[in-house]
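J.: First the structure, then my questions, so here it is.
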Amino acid sequence: MSKFIENHPSAIEVFIFYKREKKANDEKLNTKLWNLIGKDDKLTRLLDKMTMEDEEAKRKEIRQLVTKNQANLRLCILSDVVDKKPMIESVLNIAKMMGTYDIDGQDFEFWFNRFSSGNWNLDQKTFSDLPIEVLENIVEDLDFSSQMRLRKVSRGLRKIMDERRPSIESIYVVIICRGSHNTRNVSIYKSEESDRYWNGSYNGKDDLKRAFDGMKTIFSNSRFRLKHFYYYNRSSSEENKKLIKILKSLDHEIEIMSLVADFEEDLMIDLLKAIKPGTLEKIEFRGKYEPIHIDGLVQLDQWKQAKSVHFWDVISDFSPRIHHFQHFEVLSVEVESLSIDDILFVKELFTQNDKLKRFKIIVYDKPLESEIVKALGLTKIHFDEEHWRFYGRYKVQMSKFIENHPSAIQVFVFYEREQGKKVLYKKLCGVIGKNKISEEEFNKLFAEAKKMKKREIRKLVVNNQANLRLCILSDVIDKKSMLESIWNIAKIISTFDIDCQDFEFWFNRFSSGNQDLDQKTFSDMPIEVLENIVENSDFPSQARLRNVSHGLRNIVDQVKLSIDQLQCEFLNNGSENTAKLTIHITKEDGLSYYVYERSYNGEDKRAIDDLKIILSNPRLRLRFFHWKNELSSEIGKKLVDILNSLNHKIEIVSLDARLNGDLMIDLLKAVKPETLEDLDFVEKFESIDRLAQLDQWKQAKNVRFWDFISDFSSCSHHFQHFEMVNVYVESISMDDVLYSVQMSKFIENHPSAIEVWLFYGREKGKSVLYERLCKVIGKSKISKEGFNKVFAKVKNMKQREIRQLVDNDPINLRLCILSVVIDKKSIVESVLSITKMIGTNDIDWQDFEFWFNRFSCGNWNLDQKTFSDMPIEILENVAERLDFPSQMRLRKVSSGLRDVVDQVKLSIDKLSCYFQERYPENSAKLTAYNTNGQKHEYERAWRSHERINFKREFDSIKVLLSNPRLQLAHFKWSNYTSRYTSPGIDAKFFDIINSLNHKIEIVHLDANLNGDLMIDLVKAVKPGTLEHIHCSRDCKPVHIDQLAQLEQWKQAKSVHFHQFLPGLSSCMHHFQHFESVYVVESSKLSNYKDAYEYVATELKSEQQKEKQIKESDESIALIVFYEFLLKKPIGQTFKNIGAALGKDVIQFQQLKLKFDEFGKGKLESVGSFIEPLNDWNKMGLSDGCSFMSYSNFPVDVIKKIIGNLELIDRLRLRKVSHGLRDIVDQVEVATNDLCYEFKCNDSQHIDVFFYTLQYGKRSYTGEDFLERVFKDIETLLKRPRLRLFYFKWNNQLSSEIDKKLISILKMLDHKLEIRDLDASLNGDLMIDLLKAVKPGTLERIRSNGKFNAYDIDRLADLDQWKKATEVNFLKVIPDFSRCIHHFQHFKEVEVTVESLSIDDILLVKKICVQNDKIYSFEIYVEKKPSELEIKEALGLSHFLYKNIYKYYSGQSDIPGSNDYLEVVINEDQVRFFRETKKTN
């Protein structure tokens, strides 16, 4: 106990005075006080003394004590909380005791709420006692250093700190190297205007860690917002990398308005990527940036959405990238050189971008001042001697719209004529410019327009819709809507003959801020649109577009060129040298087609210049690059010079070049390593060792040398990583062969292919053919003697024999196809020569074309290409384009394909998981919907009581949900299984959810899960993707409070709760951000409405029935009367009526007056409903009675009211009086199911479940919990009108508890009516329980207790057993054989036994044959005959093994019946089902 009593002794006097008027005060009060402050004789004497004192004098003294110190009331408040009084009743009672309302209301409410929450500490509140909202406001208003200190106080304050926005607007980080140590200064400012700041210096490794830990803490706050971030590092770049590592580890993007940093190029790009686009407005780059890095920066959204940029160091080659700066408002750059074209482009930017304010360029090489003045057309030139600068002015010209459309002013004046001449002139000047029209000219036009008729204006508009533009612009300036504008204009000209598309275009254009009246031209388009147009043009168009203007040249030089293959040839045609550039592009089907070819006769320089333009494009991607030079080596050197001048590496997949040694190596160095796959060396090349040092060589896949490599043995090991190698060598050893690519087993598998090939090439001669065959398949594959033997055989063969070989196996043609490829024949020549050889054109031409193309690309592997040979990127593309069933089938092919499918985006956007138990057949169903709406279902059904683990279903669910790229528009989880099965299914589902290493992307979530599970599922969804939440199970306010803390809830748009949501008012504020809300309020607020509707229907006159609740004062009075009878507090009643019927239905003062009337026995306002009982006297009460009870009503009225109460409320009502207890016991119980569970966890506790319209639960704890629970059990079971659909008894504690239940049952004077009985009782006790049940009502018996055959014999003598239809024994029955006959009358049987013999099985069959009502007889058994023995004994037909489900099944006909027996046998089970034969 705190020291409150010592510090506030007067509080005890106030408390005793408050309680003195209660009867039986001595004993009861002392007990309560002792519980609060401890037993004390002095306290007892004080109580006795106070009872003897004068009341009014003591009241005055008590009032002075409270007025002096409000803390003296705390014991009184705590006492009322213990007595469970509402707050309003408590404050009124205390005020009455004091004789004054001079009470601190806020203090009173605080202590009442604090005690109500369970905190009975009487001492004053501390900092940690403050509400979380107050703490958050305090934390947010602190300066940064205070916040950091507060963060170390406790874990709770750290959490609050990390969730609130830090008091930081600017951070300055400066890292300077001083001697051998680096000094790191970090300055943090509250705001730029404020002098409140925090500064820290860090030295050494430990301090470095502290500095970065502190920065990580700040940046990890998701609500962190910075106006300015300055980072200056003149030390190691490792510290920059550490900052980037921190930013990459965050799960959100930071928000910075102004950034100044001197990061290295790639790290600066990483820093920008970590900033949320749209928040960054100003960027200052303090480091050196090459053009390649500028190209990387301009791809970022952070760059595109920024408003100001400043480069402190020189940007080289600025001209081709100047267009990337045109969207900024303020620019400052430093460049090496600037041309007149660049200056004119900047001038054009100011004309096009009305937001551009300043473009500052510091340049070292620029044109003369006079040239710039002339090019720009500057006026008012003067020289500033102080700053050594020239100044000039260029006037941005107004468009020539007015000159071209003079009638537009007449239409405008006519449209706006009602505004007055001066106002209209001012408005017109604001639109077109004051110098465009004088006041005299306007007055003249105004006078003419006033005289014009509507038909004249209409004619001007119909002839030229451009005359409406000034009117449209005027409406946009006046902020009219589009519909209002077009309606007003149509009304003025008296016609709707307006080009709506043109109208909408100009209205939207003016609304966007562009008030240029001229028509939109190509150059007016946004830079992104121009880039898309240029990129989608063919190459000749791109080349022509490049010559249009300087700006378009820059754009063309930056977009991806429409070039796929490039061939450069410098040829010597005798008397004249010719250069030729040939460009190809590849279609989607993989075939290239000719696009563009240009020849340069004697103009090698022009060819080189054009080649430089193409190769300088940083986005150039070439599948094939061919270089052939028959002229001087200087041409090759110029190519290398071009490549060395680039600031990027070119991307080439296949390279074919005629360059010698050093030049070829230089060319390879200029190629991006990871893109190069194929290498062709046409010229003689000896420096293989130098080649092998290059990454380009190491990462390539295929290589060909078309000239001999001398001394191949010394370099053969450099070729071992390639997939395909084609080389010409002078000699080769066995060691070299071990490093060579091994030949496939094609010849061994297809020996006839050599015969076909020899027949095809027989005219070439034996020696030539042998040499070629050895080149293709390897000399070791066939000896010369073997070849001579085959050649002699082929020489005598006929064409029909060769044709027969090809017809039998078309693969025998592959060597012939490879031969024609080696001979460089075209595909047409190949087709003709081969068909001529075999004498038929009956050939698979698709296969022929495939192998021809494969051999032509250099892949001479004769084995068939399989699916797994494809590159992983192609496999992923193939898998992603398949429909969902095909993707699932592909997963089963191999482990590799399973990995591929599990990583690609699945072709589904909706998924439904459905589990249902419905007698006699249950089902599980997974439904997936393709993105095109096609439905794919997987469904499995099983018999009632059949044990199933759903492994297949959950394996499928796990496969789908584990896919990291799964995006679902709708996910539905429906589990409608029984209370035994459902928790296991939900548990397996959440095992999958918890195993995922990513969040699921779901837009619409629909699940029938209870509160805690629904919260876990919502947590598993990726925030930002979830828009709609549907819950089909009960949720409590505590669950809504937990859901409201989740980002998923905060970002969702709609929520639906389809079951009762109790206590909605306490959590209503959590729904205020949704666009759509659907909830079902609990029956708590509708109890009195139900009672009212019942009484009104049964007792009101016909005329009164037609009145609505809200329109009848008597109806409202009856509802108030009902609340009064339930002893509900007046405040709660007022809240309930307002929530149910509207706040304006009754005022609080009116409600209080009604309560006072009913308390005095005045019932005139409700008398018409309970006639002939018009007043309290007719109920046997005297006037002025201060309380009315249920017992004063007629019994039938009380029964009807009680019938609307829930079971727990009825149990409370039973304790009011003996009379009410008798009435409650006579009313039929509003429950179907009753479930008792006795479990032992950390401490013994008992749960009692009531299943009614609203699910109820009650727990019993404490020392006397058994006494209380059995008292309630006896109360329920003694009720003669109790009807139970389901009764469950589950006792995991002592057997004494079971015996107490049986003793209660034996005391009853009636039998229980139970339909479904589930009990964990052993033999004798179970028999006693069955005896207590009324025979004929019991249908299903389920036992989890121990039974032997003798117990079964005794059960079989009971009528309850004989009349039941289903029975289930979960525990083993020993010696089952001797009691099988007792089960022959049931419809469904499920038992567990030790062993089963053939005779037992035959007896079960006999029972199933003789009982035409039986549906199933299922036996779980440990020892049984083999499946084949059972099959032979039962004479089963259609005996099959179901591999999927791992069981055998067979059938046996029933003589003289249309039914048959289906027998299912698995490892531990034998099941019999009686089925009806299906007829066509």
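We label chains A, B, ... in the order they appear in the structure tokens, count residues from 1 in each chain, and number ligands from 1 in the order shown.
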Set the distance at 9 Å and use only C-alpha atoms: which residues neighbour Phe1386 (chain A) once local chain neighbours fewer than 4 positions away are removed? I'd like the list as a PyMOL selection string.

T.: chain A and resi 1362-1367+1411+1413-1415+1417

J.: Output N, CA, C and O atoms for every residue in the selection just made, as a CSV table (one decimal), in the first residue's frame.

T.:
```csv
chain,number,residue,atom,x,y,z
A,1362,LYS,N,-30.2,-47.8,-28.2
A,1362,LYS,CA,-31.0,-48.4,-29.2
A,1362,LYS,C,-31.6,-47.4,-30.2
A,1362,LYS,O,-31.8,-47.7,-31.4
A,1363,LYS,N,-31.9,-46.2,-29.7
A,1363,LYS,CA,-32.6,-45.3,-30.5
A,1363,LYS,C,-31.7,-44.2,-31.2
A,1363,LYS,O,-32.1,-43.4,-32.0
A,1364,ALA,N,-30.4,-44.3,-30.8
A,1364,ALA,CA,-29.4,-43.4,-31.5
A,1364,ALA,C,-29.1,-43.8,-32.9
A,1364,ALA,O,-29.3,-45.0,-33.2
A,1365,THR,N,-28.6,-42.9,-33.7
A,1365,THR,CA,-28.3,-43.3,-35.1
A,1365,THR,C,-26.8,-43.2,-35.5
A,1365,THR,O,-26.4,-43.8,-36.5
A,1366,GLU,N,-26.0,-42.5,-34.7
A,1366,GLU,CA,-24.6,-42.4,-34.9
A,1366,GLU,C,-23.8,-42.7,-33.6
A,1366,GLU,O,-24.3,-42.3,-32.6
A,1367,VAL,N,-22.7,-43.3,-33.8
A,1367,VAL,CA,-21.8,-43.5,-32.6
A,1367,VAL,C,-20.4,-43.4,-33.0
A,1367,VAL,O,-20.0,-43.8,-34.1
A,1411,ASN,N,-28.5,-54.1,-43.1
A,1411,ASN,CA,-29.1,-52.8,-42.6
A,1411,ASN,C,-29.1,-51.9,-43.8
A,1411,ASN,O,-28.1,-51.3,-44.1
A,1413,LYS,N,-30.4,-49.0,-43.9
A,1413,LYS,CA,-30.3,-47.6,-43.5
A,1413,LYS,C,-28.8,-47.2,-43.2
A,1413,LYS,O,-28.6,-46.0,-43.0
A,1414,ILE,N,-27.9,-48.1,-43.1
A,1414,ILE,CA,-26.6,-47.8,-42.8
A,1414,ILE,C,-25.9,-47.0,-43.9
A,1414,ILE,O,-26.2,-47.3,-45.1
A,1415,TYR,N,-25.1,-46.1,-43.5
A,1415,TYR,CA,-24.3,-45.3,-44.5
A,1415,TYR,C,-22.8,-45.6,-44.5
A,1415,TYR,O,-22.2,-45.9,-45.5
A,1417,PHE,N,-19.5,-47.6,-42.0
A,1417,PHE,CA,-19.0,-48.3,-40.8
A,1417,PHE,C,-17.4,-48.2,-40.9
A,1417,PHE,O,-16.8,-48.9,-41.8
```

J.: Quick one: residues within 8 Å of region 633-640 of chain A, only C-alpha atoms counted, chain neighbours fewer than 3 positions away excluded, as a list in words?

T.: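 After dropping sequence-adjacent residues, the list is Ile608, Asn629, Leu643, Asn644, Leu659, Leu663, Asp666 and Leu667 of chain A.
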
J.: Would you write out those residues with N, CA and C atoms, as a PDB file, in the first residue's frame?

T.:
```pdb
ATOM      1  N   ILE A 608      33.255   7.592 -91.079  1.00  0.00           N
ATOM      2  CA  ILE A 608      33.745   7.520 -89.706  1.00  0.00           C
ATOM      3  C   ILE A 608      32.934   8.449 -88.803  1.00  0.00           C
ATOM      4  N   ASN A 629      37.596  -4.372 -92.950  1.00  0.00           N
ATOM      5  CA  ASN A 629      38.431  -3.296 -93.489  1.00  0.00           C
ATOM      6  C   ASN A 629      39.474  -3.875 -94.430  1.00  0.00           C
ATOM      7  N   LEU A 643      36.141   4.669 -80.064  1.00  0.00           N
ATOM      8  CA  LEU A 643      35.741   3.896 -78.897  1.00  0.00           C
ATOM      9  C   LEU A 643      36.426   4.398 -77.634  1.00  0.00           C
ATOM     10  N   ASN A 644      37.705   4.776 -77.749  1.00  0.00           N
ATOM     11  CA  ASN A 644      38.433   5.280 -76.572  1.00  0.00           C
ATOM     12  C   ASN A 644      37.929   6.645 -76.128  1.00  0.00           C
ATOM     13  N   LEU A 659      40.321  -7.404 -87.466  1.00  0.00           N
ATOM     14  CA  LEU A 659      41.350  -6.528 -86.912  1.00  0.00           C
ATOM     15  C   LEU A 659      42.492  -7.399 -86.402  1.00  0.00           C
ATOM     16  N   LEU A 663      44.758  -3.979 -82.114  1.00  0.00           N
ATOM     17  CA  LEU A 663      43.500  -3.288 -82.403  1.00  0.00           C
ATOM     18  C   LEU A 663      42.294  -4.131 -81.977  1.00  0.00           C
ATOM     19  N   ASP A 666      41.983  -3.811 -78.265  1.00  0.00           N
ATOM     20  CA  ASP A 666      41.415  -2.507 -77.923  1.00  0.00           C
ATOM     21  C   ASP A 666      39.917  -2.478 -78.196  1.00  0.00           C
ATOM     22  N   LEU A 667      39.508  -3.094 -79.293  1.00  0.00           N
ATOM     23  CA  LEU A 667      38.072  -3.153 -79.593  1.00  0.00           C
ATOM     24  C   LEU A 667      37.327  -3.931 -78.510  1.00  0.00           C
TER      25      LEU A 667
END
```

J.: I'd like the interatomic distance between CA of Ser154 (chain A) and CA of Met215 (chain A), to a tenth of an Å.

T.: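 Value for the CA of Ser154 (chain A)-CA of Met215 (chain A) distance: 20.0 Å.
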
J.: So that I can see what lies close to region 1022-1024 of chain A, please list as a VMD selection string the residues with an atom at most 9 Å from it, counting only C-alpha atoms and leaving out residues fewer than 5 positions away in the same chain.

T.: chain A and resid 998 to 1003 1046 to 1052

J.: Name the residues of region 277-390 of chain A that fall into helix (DSSP H, G or I) according to DSSP on the backbone, using the chain letters and numbers of this document, as a PyMOL selection string.

T.: chain A and resi 291-297+301-305+319-325+340-352+369-376

J.: With a distance cut-off of 10 Å and only C-alpha atoms, select the neighbouring residues of Val476 (chain A), excluding the residue or stretch itself and same-chain residues fewer than 4 positions from it, and output the selection as a ChimeraX atom specification.

T.: /A:470-472,480-482,485,506-513,515

J.: Residues of the last selection are to be written out with N, CA, C and O atoms, as a PDB file, in the first residue's frame.

T.:
```pdb
ATOM      1  N   LEU A 470     -10.133  32.927 -76.567  1.00  0.00           N
ATOM      2  CA  LEU A 470     -10.078  33.958 -75.543  1.00  0.00           C
ATOM      3  C   LEU A 470     -11.195  33.781 -74.517  1.00  0.00           C
ATOM      4  O   LEU A 470     -11.001  33.989 -73.314  1.00  0.00           O
ATOM      5  N   CYS A 471     -12.375  33.333 -74.982  1.00  0.00           N
ATOM      6  CA  CYS A 471     -13.484  33.092 -74.061  1.00  0.00           C
ATOM      7  C   CYS A 471     -13.152  31.936 -73.108  1.00  0.00           C
ATOM      8  O   CYS A 471     -13.429  31.992 -71.907  1.00  0.00           O
ATOM      9  N   ILE A 472     -12.575  30.869 -73.674  1.00  0.00           N
ATOM     10  CA  ILE A 472     -12.215  29.711 -72.847  1.00  0.00           C
ATOM     11  C   ILE A 472     -11.157  30.106 -71.810  1.00  0.00           C
ATOM     12  O   ILE A 472     -11.262  29.766 -70.626  1.00  0.00           O
ATOM     13  N   LYS A 480     -13.949  28.746 -63.640  1.00  0.00           N
ATOM     14  CA  LYS A 480     -15.209  28.057 -63.939  1.00  0.00           C
ATOM     15  C   LYS A 480     -14.912  26.614 -64.303  1.00  0.00           C
ATOM     16  O   LYS A 480     -13.827  26.300 -64.804  1.00  0.00           O
ATOM     17  N   SER A 481     -15.879  25.742 -64.085  1.00  0.00           N
ATOM     18  CA  SER A 481     -15.718  24.346 -64.500  1.00  0.00           C
ATOM     19  C   SER A 481     -15.891  24.240 -66.005  1.00  0.00           C
ATOM     20  O   SER A 481     -16.424  25.156 -66.657  1.00  0.00           O
ATOM     21  N   MET A 482     -15.449  23.103 -66.575  1.00  0.00           N
ATOM     22  CA  MET A 482     -15.548  22.918 -68.024  1.00  0.00           C
ATOM     23  C   MET A 482     -17.007  22.924 -68.483  1.00  0.00           C
ATOM     24  O   MET A 482     -17.356  23.551 -69.488  1.00  0.00           O
ATOM     25  N   SER A 485     -18.431  26.411 -68.356  1.00  0.00           N
ATOM     26  CA  SER A 485     -17.874  27.229 -69.420  1.00  0.00           C
ATOM     27  C   SER A 485     -18.547  26.952 -70.765  1.00  0.00           C
ATOM     28  O   SER A 485     -19.013  27.869 -71.442  1.00  0.00           O
ATOM     29  N   TRP A 506      -8.240  22.877 -75.358  1.00  0.00           N
ATOM     30  CA  TRP A 506      -7.786  24.200 -74.940  1.00  0.00           C
ATOM     31  C   TRP A 506      -8.120  24.474 -73.485  1.00  0.00           C
ATOM     32  O   TRP A 506      -7.340  25.128 -72.777  1.00  0.00           O
ATOM     33  N   PHE A 507      -9.263  23.991 -73.022  1.00  0.00           N
ATOM     34  CA  PHE A 507      -9.617  24.206 -71.621  1.00  0.00           C
ATOM     35  C   PHE A 507      -8.587  23.526 -70.712  1.00  0.00           C
ATOM     36  O   PHE A 507      -8.117  24.119 -69.731  1.00  0.00           O
ATOM     37  N   ASN A 508      -8.230  22.271 -71.022  1.00  0.00           N
ATOM     38  CA  ASN A 508      -7.239  21.550 -70.212  1.00  0.00           C
ATOM     39  C   ASN A 508      -5.867  22.190 -70.318  1.00  0.00           C
ATOM     40  O   ASN A 508      -5.111  22.246 -69.342  1.00  0.00           O
ATOM     41  N   ARG A 509      -5.532  22.681 -71.525  1.00  0.00           N
ATOM     42  CA  ARG A 509      -4.218  23.308 -71.706  1.00  0.00           C
ATOM     43  C   ARG A 509      -4.115  24.578 -70.868  1.00  0.00           C
ATOM     44  O   ARG A 509      -3.126  24.775 -70.147  1.00  0.00           O
ATOM     45  N   PHE A 510      -5.129  25.432 -70.919  1.00  0.00           N
ATOM     46  CA  PHE A 510      -5.103  26.661 -70.129  1.00  0.00           C
ATOM     47  C   PHE A 510      -5.133  26.336 -68.632  1.00  0.00           C
ATOM     48  O   PHE A 510      -4.489  27.011 -67.821  1.00  0.00           O
ATOM     49  N   SER A 511      -5.898  25.302 -68.251  1.00  0.00           N
ATOM     50  CA  SER A 511      -6.001  24.931 -66.831  1.00  0.00           C
ATOM     51  C   SER A 511      -4.669  24.457 -66.273  1.00  0.00           C
ATOM     52  O   SER A 511      -4.402  24.590 -65.074  1.00  0.00           O
ATOM     53  N   SER A 512      -3.806  23.886 -67.126  1.00  0.00           N
ATOM     54  CA  SER A 512      -2.512  23.375 -66.672  1.00  0.00           C
ATOM     55  C   SER A 512      -1.497  24.494 -66.458  1.00  0.00           C
ATOM     56  O   SER A 512      -0.386  24.254 -66.008  1.00  0.00           O
ATOM     57  N   GLY A 513      -1.886  25.756 -66.829  1.00  0.00           N
ATOM     58  CA  GLY A 513      -0.982  26.884 -66.645  1.00  0.00           C
ATOM     59  C   GLY A 513      -0.369  27.386 -67.928  1.00  0.00           C
ATOM     60  O   GLY A 513       0.269  28.436 -67.956  1.00  0.00           O
ATOM     61  N   GLN A 515      -0.855  29.304 -71.009  1.00  0.00           N
ATOM     62  CA  GLN A 515      -1.846  30.225 -71.564  1.00  0.00           C
ATOM     63  C   GLN A 515      -1.457  30.730 -72.947  1.00  0.00           C
ATOM     64  O   GLN A 515      -1.934  31.764 -73.408  1.00  0.00           O
TER      65      GLN A 515
END
```

J.: Which residues, written as a PyMOL selection string, have at least one atom at most 10 Å from region 756-763 of chain A, with only C-alpha atoms counted and residues fewer than 4 positions away on the same chain left out?

T.: chain A and resi 751-752+768-770+773+787+790-791+793-799+801-803+805-806+812-820+833-834+836-838

J.: Report as a PyMOL selection string: the residues of region 460-635 of chain A with a DSSP assignment of strand (DSSP E), based on the backbone of this structure.

T.: chain A and resi 565-572+577-586+592-601+621-629

J.: Which polymer residues have any atom within 12 Å of an atom of Ser856 (chain A), counting only C-alpha atoms, with same-chain residues fewer than 5 positions away left out, as a PDB file with C-alpha atoms, in the first residue's frame?

T.:
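Contents of the output file selection.pdb:
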```pdb
ATOM      1  CA  ILE A 817      22.283 -30.068 -93.111  1.00  0.00           C
ATOM      2  CA  LEU A 818      25.533 -29.395 -91.246  1.00  0.00           C
ATOM      3  CA  SER A 819      27.488 -30.123 -94.423  1.00  0.00           C
ATOM      4  CA  VAL A 820      25.583 -27.522 -96.480  1.00  0.00           C
ATOM      5  CA  VAL A 821      26.077 -24.957 -93.706  1.00  0.00           C
ATOM      6  CA  ILE A 822      29.836 -25.579 -93.760  1.00  0.00           C
ATOM      7  CA  ASP A 823      29.732 -25.124 -97.545  1.00  0.00           C
ATOM      8  CA  LYS A 824      27.949 -21.774 -96.926  1.00  0.00           C
ATOM      9  CA  LYS A 825      25.006 -22.693 -99.082  1.00  0.00           C
ATOM     10  CA  SER A 826      21.765 -20.790 -98.707  1.00  0.00           C
ATOM     11  CA  ILE A 827      18.755 -22.492 -97.193  1.00  0.00           C
ATOM     12  CA  GLU A 849      14.875 -24.808 -90.680  1.00  0.00           C
ATOM     13  CA  PHE A 850      15.602 -25.118 -86.958  1.00  0.00           C
ATOM     14  CA  TRP A 851      18.775 -27.159 -87.495  1.00  0.00           C
ATOM     15  CA  ASN A 861      26.029 -29.743 -81.481  1.00  0.00           C
TER      16      ASN A 861
END
```

J.: Could you tell me how far CA of Gln302 (chain A) lies from CA of Glu290 (chain A), in Å and to one decimal?

T.: 18.9 Å

J.: For Asp1318 (chain A), which residue out of A:Arg1342, A:His382, A:Lys1300, A:Lys288 is the nearest one, using only C-alpha atoms?

T.: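 Closest to Asp1318 (chain A) of all the choices is A:Arg1342.
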